[in-house]
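File shown: start-v1.cif. Contents: mmCIF, C-alpha atoms.
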data_run
loop_
_atom_site.label_atom_id
_atom_site.label_comp_id
_atom_site.auth_asym_id
_atom_site.auth_seq_id
_atom_site.Cartn_x
_atom_site.Cartn_y
_atom_site.Cartn_z
CA MET A 1 118.85 -21.19 2.73
CA ASN A 2 122.53 -21.57 3.68
CA THR A 3 124.30 -18.77 5.56
CA PRO A 4 126.43 -16.91 3.00
CA THR A 5 130.18 -17.36 3.41
CA LYS A 6 132.67 -14.48 3.49
CA HIS A 7 133.48 -15.43 -0.10
CA ASP A 8 129.79 -15.14 -1.11
CA ILE A 9 129.50 -11.77 0.64
CA ALA A 10 132.61 -10.45 -1.13
CA LYS A 11 131.25 -11.65 -4.50
CA LYS A 12 127.95 -9.91 -3.87
CA LYS A 13 129.77 -6.74 -2.85
CA ILE A 14 131.75 -6.76 -6.11
CA VAL A 15 128.62 -7.31 -8.22
CA ASP A 16 126.57 -4.66 -6.38
CA SER A 17 129.36 -2.08 -6.44
CA ALA A 18 130.07 -2.57 -10.13
CA ARG A 19 126.44 -2.31 -11.28
CA ALA A 20 126.37 1.49 -11.69
CA LEU A 21 129.75 1.46 -13.44
CA ILE A 22 128.64 -1.17 -15.98
CA ALA A 23 125.28 0.59 -16.42
CA GLU A 24 127.23 3.73 -17.34
CA ARG A 25 130.18 2.36 -19.35
CA GLY A 26 129.01 -1.00 -20.69
CA PHE A 27 130.46 -4.48 -20.25
CA SER A 28 133.43 -4.66 -22.61
CA ALA A 29 134.69 -1.14 -21.86
CA VAL A 30 135.10 -1.81 -18.13
CA GLY A 31 138.25 -3.67 -17.11
CA LEU A 32 138.63 -6.17 -14.27
CA SER A 33 140.78 -3.77 -12.25
CA GLN A 34 138.09 -1.06 -12.45
CA ILE A 35 135.49 -3.55 -11.21
CA LEU A 36 137.64 -4.43 -8.19
CA GLU A 37 138.51 -0.79 -7.58
CA VAL A 38 134.88 0.33 -7.14
CA ALA A 39 134.31 -2.63 -4.83
CA GLY A 40 137.39 -1.82 -2.73
CA ILE A 41 138.80 -5.31 -3.30
CA PRO A 42 142.60 -5.79 -3.78
CA LYS A 43 143.70 -5.59 -7.41
CA GLY A 44 144.58 -8.83 -9.08
CA SER A 45 142.14 -10.92 -7.05
CA PHE A 46 139.34 -11.05 -9.63
CA TYR A 47 139.79 -14.73 -10.47
CA HIS A 48 139.65 -15.59 -6.80
CA TYR A 49 135.96 -14.64 -6.97
CA PHE A 50 134.90 -15.31 -10.57
CA ALA A 51 136.06 -17.95 -13.04
CA SER A 52 135.89 -15.39 -15.87
CA LYS A 53 134.58 -11.95 -16.73
CA GLU A 54 131.60 -13.72 -18.30
CA ALA A 55 130.87 -15.49 -14.98
CA PHE A 56 130.94 -12.08 -13.29
CA GLY A 57 128.56 -10.77 -15.99
CA GLU A 58 126.16 -13.65 -15.35
CA GLU A 59 126.17 -12.94 -11.63
CA LEU A 60 125.64 -9.23 -12.29
CA LEU A 61 122.61 -9.85 -14.50
CA ARG A 62 121.16 -12.51 -12.19
CA SER A 63 121.42 -10.16 -9.21
CA TYR A 64 120.00 -7.23 -11.23
CA MET A 65 116.98 -9.24 -12.43
CA HIS A 66 116.37 -10.54 -8.90
CA ASP A 67 116.24 -6.98 -7.48
CA TYR A 68 114.19 -5.74 -10.45
CA LEU A 69 111.52 -8.41 -9.96
CA ILE A 70 111.33 -7.54 -6.23
CA ASN A 71 110.64 -3.93 -7.25
CA ILE A 72 107.90 -5.03 -9.64
CA HIS A 73 106.30 -7.21 -6.98
CA ALA A 74 106.27 -4.26 -4.58
CA LEU A 75 104.76 -1.91 -7.20
CA PHE A 76 102.07 -4.41 -8.18
CA ALA A 77 101.22 -5.48 -4.63
CA THR A 78 99.53 -2.14 -3.76
CA PRO A 79 95.96 -3.20 -2.93
CA ASP A 80 94.19 0.15 -3.45
CA LYS A 81 95.13 0.60 -7.13
CA ASN A 82 93.36 -0.62 -10.24
CA GLY A 83 95.21 -2.51 -12.99
CA ALA A 84 95.97 0.58 -15.07
CA GLN A 85 97.25 2.48 -12.04
CA LYS A 86 99.60 -0.37 -11.12
CA LEU A 87 100.86 -0.60 -14.67
CA PHE A 88 101.50 3.12 -14.98
CA SER A 89 103.20 3.25 -11.60
CA TYR A 90 105.65 0.73 -13.10
CA LEU A 91 106.10 2.87 -16.24
CA ASP A 92 106.64 5.91 -14.01
CA PHE A 93 109.29 3.96 -12.07
CA TRP A 94 110.96 3.06 -15.39
CA ARG A 95 110.78 6.66 -16.59
CA CYS A 96 112.22 8.11 -13.37
CA SER A 97 115.16 5.67 -13.45
CA HIS A 98 116.31 7.05 -16.78
CA ILE A 99 115.77 10.76 -16.72
CA LYS A 100 119.16 12.41 -16.90
CA GLY A 101 120.44 13.66 -13.59
CA GLN A 102 117.90 11.70 -11.61
CA VAL A 103 119.28 9.17 -9.14
CA GLY A 104 118.12 5.76 -10.17
CA ASP A 105 119.07 2.25 -11.05
CA LYS A 106 119.45 2.47 -14.82
CA CYS A 107 118.23 -0.53 -16.78
CA LEU A 108 120.99 -3.06 -17.37
CA ILE A 109 118.86 -4.83 -19.98
CA VAL A 110 118.78 -1.74 -22.20
CA LYS A 111 122.47 -1.11 -21.60
CA LEU A 112 123.72 -4.65 -22.21
CA ALA A 113 121.20 -6.41 -24.49
CA ALA A 114 122.70 -5.29 -27.78
CA GLU A 115 126.30 -5.37 -26.61
CA VAL A 116 126.29 -8.71 -24.84
CA SER A 117 123.66 -10.93 -26.53
CA ASP A 118 125.89 -11.57 -29.54
CA ILE A 119 129.02 -12.34 -27.52
CA SER A 120 127.83 -14.30 -24.47
CA GLU A 121 125.24 -17.03 -24.82
CA ARG A 122 125.12 -17.51 -21.04
CA MET A 123 124.47 -13.83 -20.30
CA ARG A 124 121.92 -13.72 -23.12
CA ARG A 125 119.97 -16.61 -21.56
CA ILE A 126 119.74 -14.82 -18.20
CA MET A 127 118.35 -11.75 -19.98
CA GLU A 128 115.91 -13.95 -21.92
CA THR A 129 114.53 -15.56 -18.74
CA GLY A 130 114.45 -12.22 -16.89
CA THR A 131 112.62 -10.27 -19.60
CA ALA A 132 110.12 -13.13 -20.06
CA SER A 133 109.37 -12.91 -16.36
CA VAL A 134 108.88 -9.12 -16.49
CA ILE A 135 106.51 -9.49 -19.46
CA THR A 136 104.51 -12.17 -17.60
CA HIS A 137 104.14 -9.83 -14.60
CA LEU A 138 103.00 -6.99 -16.88
CA SER A 139 100.59 -9.33 -18.58
CA GLN A 140 98.99 -10.28 -15.24
CA VAL A 141 98.47 -6.66 -14.23
CA ILE A 142 97.04 -5.81 -17.67
CA LYS A 143 94.60 -8.70 -17.25
CA THR A 144 93.59 -7.25 -13.87
CA GLY A 145 93.03 -3.92 -15.62
CA GLN A 146 90.91 -5.55 -18.32
CA GLU A 147 88.81 -7.21 -15.60
CA ASP A 148 88.34 -4.05 -13.49
CA GLY A 149 87.66 -1.94 -16.62
CA SER A 150 90.68 0.38 -16.27
CA VAL A 151 92.29 -1.16 -19.41
CA GLN A 152 89.84 -0.91 -22.32
CA SER A 153 91.87 -2.75 -24.99
CA THR A 154 90.55 -6.25 -25.63
CA LEU A 155 93.77 -7.47 -27.26
CA PRO A 156 95.32 -10.46 -25.43
CA ALA A 157 97.05 -9.24 -22.25
CA HIS A 158 100.33 -11.02 -23.05
CA LYS A 159 100.47 -9.37 -26.49
CA LEU A 160 99.89 -5.93 -24.94
CA ALA A 161 102.52 -6.59 -22.27
CA SER A 162 105.05 -7.61 -24.88
CA SER A 163 104.35 -4.54 -27.04
CA LEU A 164 104.62 -2.20 -24.05
CA TYR A 165 107.93 -3.72 -23.01
CA GLN A 166 109.30 -3.34 -26.55
CA LEU A 167 108.06 0.25 -26.75
CA TRP A 168 109.74 1.22 -23.46
CA LEU A 169 113.01 -0.51 -24.34
CA GLY A 170 113.06 1.53 -27.56
CA ALA A 171 112.06 4.74 -25.78
CA THR A 172 114.93 4.22 -23.34
CA LEU A 173 117.37 3.77 -26.23
CA MET A 174 116.03 7.02 -27.75
CA THR A 175 116.43 8.76 -24.38
CA LYS A 176 120.07 7.70 -24.41
CA ILE A 177 120.52 8.92 -27.99
CA THR A 178 118.73 12.26 -27.54
CA HIS A 179 119.66 12.98 -23.90
CA SER A 180 116.06 14.05 -23.45
CA SER A 181 113.05 12.70 -21.57
CA HIS A 182 110.83 13.45 -24.58
CA PRO A 183 110.90 9.86 -25.97
CA MET A 184 109.62 8.58 -22.62
CA ASP A 185 106.82 11.16 -22.56
CA GLU A 186 105.87 9.92 -26.04
CA ALA A 187 106.01 6.30 -24.88
CA TRP A 188 103.74 7.23 -21.96
CA GLN A 189 101.14 8.64 -24.37
CA THR A 190 101.48 5.67 -26.76
CA SER A 191 100.99 3.32 -23.81
CA LEU A 192 97.69 5.06 -22.97
CA THR A 193 96.61 4.66 -26.63
CA LEU A 194 97.68 1.01 -26.87
CA LEU A 195 95.94 0.02 -23.64
CA GLY A 196 92.86 2.10 -24.27
CA CYS A 197 93.32 4.05 -21.03
CA THR A 198 92.62 7.71 -20.38
CA ALA A 199 94.86 9.86 -18.17
CA ASN A 200 91.91 10.04 -15.73
CA GLN A 201 92.10 6.30 -15.15
CA ILE A 202 95.66 6.67 -13.91
CA ASN A 203 96.38 7.97 -10.42
CA PRO A 204 96.71 11.75 -11.09
CA ALA A 205 99.07 12.05 -8.12
CA ALA A 206 101.65 9.96 -9.97
CA ARG A 207 101.77 12.19 -13.05
CA LYS A 208 100.62 15.70 -12.29
CA ASP A 209 101.71 16.90 -15.74
CA GLU A 210 99.27 14.57 -17.58
CA MET B 1 132.38 17.25 -55.35
CA ASN B 2 136.13 16.72 -55.12
CA THR B 3 137.66 13.51 -56.44
CA PRO B 4 138.44 11.33 -53.42
CA THR B 5 142.13 10.89 -52.67
CA LYS B 6 143.80 7.50 -52.09
CA HIS B 7 143.72 8.38 -48.40
CA ASP B 8 139.92 8.99 -48.52
CA ILE B 9 139.39 5.71 -50.39
CA ALA B 10 141.44 3.77 -47.83
CA LYS B 11 139.48 5.39 -44.95
CA LYS B 12 136.18 4.44 -46.58
CA LYS B 13 137.45 0.90 -47.13
CA ILE B 14 138.32 0.60 -43.43
CA VAL B 15 134.93 1.92 -42.32
CA ASP B 16 132.96 -0.25 -44.78
CA SER B 17 134.93 -3.38 -43.99
CA ALA B 18 134.61 -2.95 -40.22
CA ARG B 19 130.86 -2.32 -40.21
CA ALA B 20 129.79 -5.98 -39.97
CA LEU B 21 132.42 -6.68 -37.30
CA ILE B 22 131.27 -3.78 -35.11
CA ALA B 23 127.60 -4.70 -35.73
CA GLU B 24 128.41 -8.16 -34.39
CA ARG B 25 130.88 -7.45 -31.56
CA GLY B 26 130.16 -3.86 -30.51
CA PHE B 27 132.45 -0.84 -30.39
CA SER B 28 134.54 -1.26 -27.25
CA ALA B 29 135.12 -4.99 -27.72
CA VAL B 30 136.76 -4.57 -31.14
CA GLY B 31 140.42 -3.54 -31.13
CA LEU B 32 142.17 -1.30 -33.65
CA SER B 33 144.21 -4.20 -35.04
CA GLN B 34 141.01 -6.19 -35.73
CA ILE B 35 139.55 -3.21 -37.58
CA LEU B 36 142.62 -2.97 -39.80
CA GLU B 37 142.78 -6.72 -40.27
CA VAL B 38 139.27 -7.00 -41.78
CA ALA B 39 140.10 -4.07 -44.06
CA GLY B 40 143.39 -5.65 -45.18
CA ILE B 41 145.34 -2.55 -44.12
CA PRO B 42 148.82 -2.95 -42.54
CA LYS B 43 148.75 -3.29 -38.75
CA GLY B 44 149.84 -0.28 -36.78
CA SER B 45 148.64 2.25 -39.36
CA PHE B 46 145.32 3.12 -37.71
CA TYR B 47 146.36 6.63 -36.65
CA HIS B 48 147.49 7.37 -40.18
CA TYR B 49 143.80 7.30 -41.10
CA PHE B 50 141.93 8.32 -37.96
CA ALA B 51 142.88 10.72 -35.15
CA SER B 52 141.30 8.37 -32.59
CA LYS B 53 139.04 5.36 -32.27
CA GLU B 54 136.22 7.82 -31.58
CA ALA B 55 136.93 9.60 -34.90
CA PHE B 56 136.71 6.21 -36.63
CA GLY B 57 133.40 5.57 -34.79
CA GLU B 58 132.02 8.90 -35.98
CA GLU B 59 132.95 8.08 -39.58
CA LEU B 60 131.42 4.62 -39.23
CA LEU B 61 128.10 6.00 -37.98
CA ARG B 62 128.04 8.84 -40.53
CA SER B 63 128.61 6.38 -43.37
CA TYR B 64 126.03 3.94 -41.97
CA MET B 65 123.33 6.63 -41.64
CA HIS B 66 124.11 7.90 -45.15
CA ASP B 67 123.57 4.43 -46.66
CA TYR B 68 120.52 3.81 -44.47
CA LEU B 69 118.79 7.00 -45.64
CA ILE B 70 119.51 6.08 -49.27
CA ASN B 71 117.74 2.75 -48.64
CA ILE B 72 114.74 4.55 -47.11
CA HIS B 73 114.55 6.94 -50.06
CA ALA B 74 114.54 3.99 -52.46
CA LEU B 75 111.83 2.16 -50.49
CA PHE B 76 109.61 5.24 -50.24
CA ALA B 77 110.11 6.35 -53.87
CA THR B 78 108.03 3.45 -55.30
CA PRO B 79 105.22 5.30 -57.10
CA ASP B 80 102.63 2.47 -57.22
CA LYS B 81 102.33 1.96 -53.45
CA ASN B 82 100.07 3.67 -50.95
CA GLY B 83 101.43 5.17 -47.71
CA ALA B 84 100.80 2.07 -45.60
CA GLN B 85 102.42 -0.19 -48.20
CA LYS B 86 105.54 2.00 -48.31
CA LEU B 87 105.73 2.07 -44.54
CA PHE B 88 105.36 -1.68 -44.17
CA SER B 89 107.91 -2.33 -46.91
CA TYR B 90 110.32 -0.39 -44.67
CA LEU B 91 109.32 -2.46 -41.60
CA ASP B 92 109.77 -5.62 -43.69
CA PHE B 93 113.25 -4.42 -44.70
CA TRP B 94 114.04 -3.79 -41.01
CA ARG B 95 112.67 -7.21 -40.04
CA CYS B 96 114.62 -9.08 -42.73
CA SER B 97 117.89 -7.38 -41.72
CA HIS B 98 117.67 -8.89 -38.24
CA ILE B 99 116.33 -12.37 -38.61
CA LYS B 100 119.02 -14.77 -37.51
CA GLY B 101 120.91 -16.37 -40.35
CA GLN B 102 119.57 -13.95 -42.92
CA VAL B 103 122.16 -11.89 -44.78
CA GLY B 104 121.58 -8.25 -43.98
CA ASP B 105 123.03 -5.05 -42.75
CA LYS B 106 122.23 -5.23 -39.03
CA CYS B 107 121.20 -1.96 -37.41
CA LEU B 108 124.19 -0.12 -35.96
CA ILE B 109 121.86 2.19 -34.03
CA VAL B 110 120.40 -0.72 -32.04
CA LYS B 111 123.86 -2.19 -31.55
CA LEU B 112 125.65 0.97 -30.48
CA ALA B 113 123.05 3.35 -28.99
CA ALA B 114 123.22 2.03 -25.43
CA GLU B 115 126.92 1.23 -25.50
CA VAL B 116 128.21 4.42 -27.07
CA SER B 117 125.79 7.25 -26.14
CA ASP B 118 127.12 7.46 -22.59
CA ILE B 119 130.80 7.40 -23.57
CA SER B 120 131.05 9.48 -26.77
CA GLU B 121 129.17 12.74 -27.11
CA ARG B 122 130.27 13.10 -30.74
CA MET B 123 129.04 9.64 -31.76
CA ARG B 124 125.83 10.24 -29.81
CA ARG B 125 125.14 13.43 -31.78
CA ILE B 126 125.49 11.63 -35.13
CA MET B 127 122.97 9.04 -33.93
CA GLU B 128 120.65 11.80 -32.73
CA THR B 129 120.68 13.57 -36.10
CA GLY B 130 120.38 10.28 -38.01
CA THR B 131 117.44 8.91 -36.03
CA ALA B 132 115.65 12.28 -36.22
CA SER B 133 115.99 12.11 -39.99
CA VAL B 134 114.60 8.55 -40.14
CA ILE B 135 111.61 9.56 -37.98
CA THR B 136 110.94 12.56 -40.25
CA HIS B 137 110.93 10.26 -43.32
CA LEU B 138 108.55 7.85 -41.57
CA SER B 139 106.35 10.75 -40.58
CA GLN B 140 106.06 11.93 -44.20
CA VAL B 141 105.05 8.50 -45.46
CA ILE B 142 102.50 8.12 -42.61
CA LYS B 143 101.03 11.48 -43.65
CA THR B 144 100.76 10.18 -47.22
CA GLY B 145 98.94 7.13 -45.81
CA GLN B 146 96.56 9.32 -43.80
CA GLU B 147 95.79 11.32 -46.96
CA ASP B 148 95.25 8.28 -49.22
CA GLY B 149 93.23 6.48 -46.50
CA SER B 150 95.58 3.52 -46.02
CA VAL B 151 96.49 4.76 -42.50
CA GLN B 152 93.33 5.17 -40.43
CA SER B 153 94.84 6.60 -37.23
CA THR B 154 94.25 10.32 -36.89
CA LEU B 155 97.05 10.84 -34.35
CA PRO B 156 99.71 13.32 -35.52
CA ALA B 157 101.98 11.62 -38.11
CA HIS B 158 105.19 12.60 -36.31
CA LYS B 159 103.93 11.09 -33.05
CA LEU B 160 103.04 7.84 -34.81
CA ALA B 161 106.43 7.78 -36.57
CA SER B 162 108.25 8.28 -33.30
CA SER B 163 106.25 5.53 -31.55
CA LEU B 164 106.83 3.10 -34.40
CA TYR B 165 110.55 3.76 -34.37
CA GLN B 166 110.71 3.20 -30.59
CA LEU B 167 108.66 0.01 -30.90
CA TRP B 168 110.95 -1.44 -33.57
CA LEU B 169 114.13 -0.49 -31.72
CA GLY B 170 112.75 -2.36 -28.71
CA ALA B 171 111.61 -5.32 -30.81
CA THR B 172 115.11 -5.56 -32.28
CA LEU B 173 116.64 -5.61 -28.79
CA MET B 174 114.19 -8.39 -27.85
CA THR B 175 115.15 -10.30 -31.01
CA LYS B 176 118.77 -10.12 -29.87
CA ILE B 177 117.84 -11.28 -26.37
CA THR B 178 115.55 -14.13 -27.45
CA HIS B 179 117.32 -15.17 -30.67
CA SER B 180 113.86 -15.39 -32.19
CA SER B 181 111.94 -13.46 -34.83
CA HIS B 182 108.83 -13.57 -32.64
CA PRO B 183 109.30 -10.04 -31.15
CA MET B 184 109.39 -8.62 -34.69
CA ASP B 185 106.23 -10.49 -35.64
CA GLU B 186 104.61 -8.94 -32.57
CA ALA B 187 105.92 -5.48 -33.50
CA TRP B 188 104.43 -5.97 -36.99
CA GLN B 189 101.00 -6.65 -35.49
CA THR B 190 101.30 -3.76 -33.01
CA SER B 191 102.26 -1.46 -35.88
CA LEU B 192 99.05 -2.42 -37.72
CA THR B 193 97.06 -1.65 -34.53
CA LEU B 194 98.82 1.67 -33.86
CA LEU B 195 98.40 2.92 -37.42
CA GLY B 196 94.86 1.62 -37.80
CA CYS B 197 95.79 -0.49 -40.83
CA THR B 198 94.44 -3.89 -41.79
CA ALA B 199 96.66 -6.57 -43.31
CA ASN B 200 94.61 -6.15 -46.53
CA GLN B 201 95.83 -2.58 -46.87
CA ILE B 202 99.42 -3.83 -47.02
CA ASN B 203 100.77 -5.38 -50.20
CA PRO B 204 100.02 -9.09 -49.65
CA ALA B 205 103.00 -10.04 -51.80
CA ALA B 206 105.34 -8.55 -49.19
CA ARG B 207 103.96 -10.63 -46.30
CA LYS B 208 102.25 -13.77 -47.51
CA ASP B 209 101.96 -15.08 -43.96
CA GLU B 210 99.71 -12.22 -42.78
#
Let me see whether you can do it: turn the structure in this file into structure tokens.
Amino acid sequence: MNTPTKHDIAKKKIVDSARALIAERGFSAVGLSQILEVAGIPKGSFYHYFASKEAFGEELLRSYMHDYLINIHALFATPDKNGAQKLFSYLDFWRCSHIKGQVGDKCLIVKLAAEVSDISERMRRIMETGTASVITHLSQVIKTGQEDGSVQSTLPAHKLASSLYQLWLGATLMTKITHSSHPMDEAWQTSLTLLGCTANQINPAARKDE
Amino acid sequence: MNTPTKHDIAKKKIVDSARALIAERGFSAVGLSQILEVAGIPKGSFYHYFASKEAFGEELLRSYMHDYLINIHALFATPDKNGAQKLFSYLDFWRCSHIKGQVGDKCLIVKLAAEVSDISERMRRIMETGTASVITHLSQVIKTGQEDGSVQSTLPAHKLASSLYQLWLGATLMTKITHSSHPMDEAWQTSLTLLGCTANQINPAARKDE
């Protein structure tokens, strides 16, 4: 791996600093000067770092997906958890990132999928590859759960993973619309039903209210 | 009901004409002049019709939800269908509206929920009321299905309705990300599982490929 140049470091700083702003305001609504302002980079120098706003958007999504997959790896690497516990620790991580007022890295996929997929083919492709990778990881942990008996559903693991991911994307949209955590509580229950898990199979420490 | 004035008619024309543009490009990315251009209204006259872009957005969402609920009423009013058949005719309507290349009224909720909920409280509230109404309608038709035996799940109808709506919102986002109808096919199958319906209980004419 090459040592990053000053230019690379500045680019990364811009992308990292702008993530929360884009996650809050969206892609089109945020101007280039706002992006540079949060990064503390001189105004007017955007094109010194990125060929276009779309190129910045690609870098933002690539960096987000990279960090997200590292988080998933860490959650799923815990050796003393069964498949269902690993899966629900991921859903708990998702849930906590979106509850209003809670500090967390809000999902850029939920925020940008609808807005950006129709207007940038290159950003869409990064989201396509990234979400496919997340679903594959979920699928592997569901398979583990089917093998260790903590996931009772006998439906194909990849199908279950895909359904869960869809359900939680939708629940997150409903959380945005209702400004309530209720849709995520419902998604949690539906996930238990879909997977054929009982609350007892999940680590009770993770969800004391279950 | 009062006779609409010329001013009301022009406002409705602007909102109706801009719907497809906003459904394609999003809210923030579309400028006022583009909105007037598709409606064939003289440039520069936007504020003659709407106090702000947000006021236009509210009118757009109100009008969209009004038309959407009329469609649901029509789908659910069919007297010779059981509950499951009515429900799946709605899911088929949803599916057909989003398959690439197919003419349809793409869902403004999916398009705008993530983008707009964080930046306009007034637009968010219209989406909140509208989606609650859709879920209530779904819940009623699921209850009908539970009573006539076409829906086997004994979970509370409102819970099932809410889960289905989340699942299909998420599947629509995934359809946007993947440019494929596959996520909706998966959501169709997951809906059968969640409701405890078999493909035989659904009108075979509606989905010959099941």
Margin query: I'd like the neighbourhood of region 153-162 of chain A as a PyMOL selection string, where a residue qualifies if any of its atoms comes within 7 Å (using all atoms listed in the file), though same-chain residues fewer than 4 positions away should be ignored.
Written below: chain A and resi 135-136+138-139+142-143+166+195-196
Where does the PyMOL selection byres ((chain A and resi 39) around 7) land in this file, that is, which residues does it pick, as an mmCIF file with C-alpha atoms, in the coordinates of the input?
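Listing of out_4.cif after writing:
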data_model
loop_
_atom_site.group_PDB
_atom_site.id
_atom_site.type_symbol
_atom_site.label_atom_id
_atom_site.label_comp_id
_atom_site.auth_asym_id
_atom_site.auth_seq_id
_atom_site.Cartn_x
_atom_site.Cartn_y
_atom_site.Cartn_z
ATOM 1 C CA LYS A 13 129.770 -6.740 -2.850
ATOM 2 C CA ILE A 14 131.750 -6.760 -6.110
ATOM 3 C CA SER A 17 129.360 -2.080 -6.440
ATOM 4 C CA ALA A 18 130.070 -2.570 -10.130
ATOM 5 C CA ILE A 35 135.490 -3.550 -11.210
ATOM 6 C CA LEU A 36 137.640 -4.430 -8.190
ATOM 7 C CA GLU A 37 138.510 -0.790 -7.580
ATOM 8 C CA VAL A 38 134.880 0.330 -7.140
ATOM 9 C CA GLY A 40 137.390 -1.820 -2.730
ATOM 10 C CA ILE A 41 138.800 -5.310 -3.300
#
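Run against this file, the PyMOL selection byres ((chain A) within 7 of (chain B)) gives back Glu24, Arg25, Gly26, Ser28, Ala29, Val110, Lys111, Ala113, Ala114, Glu115, Ser117, Asp118, Ile119, Arg124, Met127, Glu128, Ser163, Gln166, Leu167, Leu169, Gly170, Ala171, Leu173, Lys176, Ile177, Thr178, Ala187 and Thr190 of chain A.
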Notebook entry, point to check: Leaving out region 67-83 of chain B and any residue of its chain fewer than 6 positions from it, which residues lie within 10 Å of it when counting all atoms listed in the file, given as a list of chain:residue names?
Noted result: B:Leu61, B:Ser89, B:Tyr90, B:Phe93, B:Asp105, B:Cys107, B:Gly130, B:Thr131, B:Ser133, B:Val134, B:His137, B:Leu138, B:Gln140, B:Val141, B:Ile142, B:Lys143, B:Thr144, B:Gly145, B:Gln146, B:Glu147, B:Asp148, B:Gly149, B:Ser150, B:Val151, B:Gln201, B:Ile202, B:Asn203
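Distance-wise, CA of Ser52 (chain B) and CA of His66 (chain B) end up 21.3 Å apart.
Between CA of Leu87 (chain B) and CA of His182 (chain B) the interatomic distance comes to 19.9 Å.
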Check: In Å, with one decimal, what is the gap from CA of Thr3 (chain A) to CA of Ala55 (chain A)?
Finding: 21.8 Å
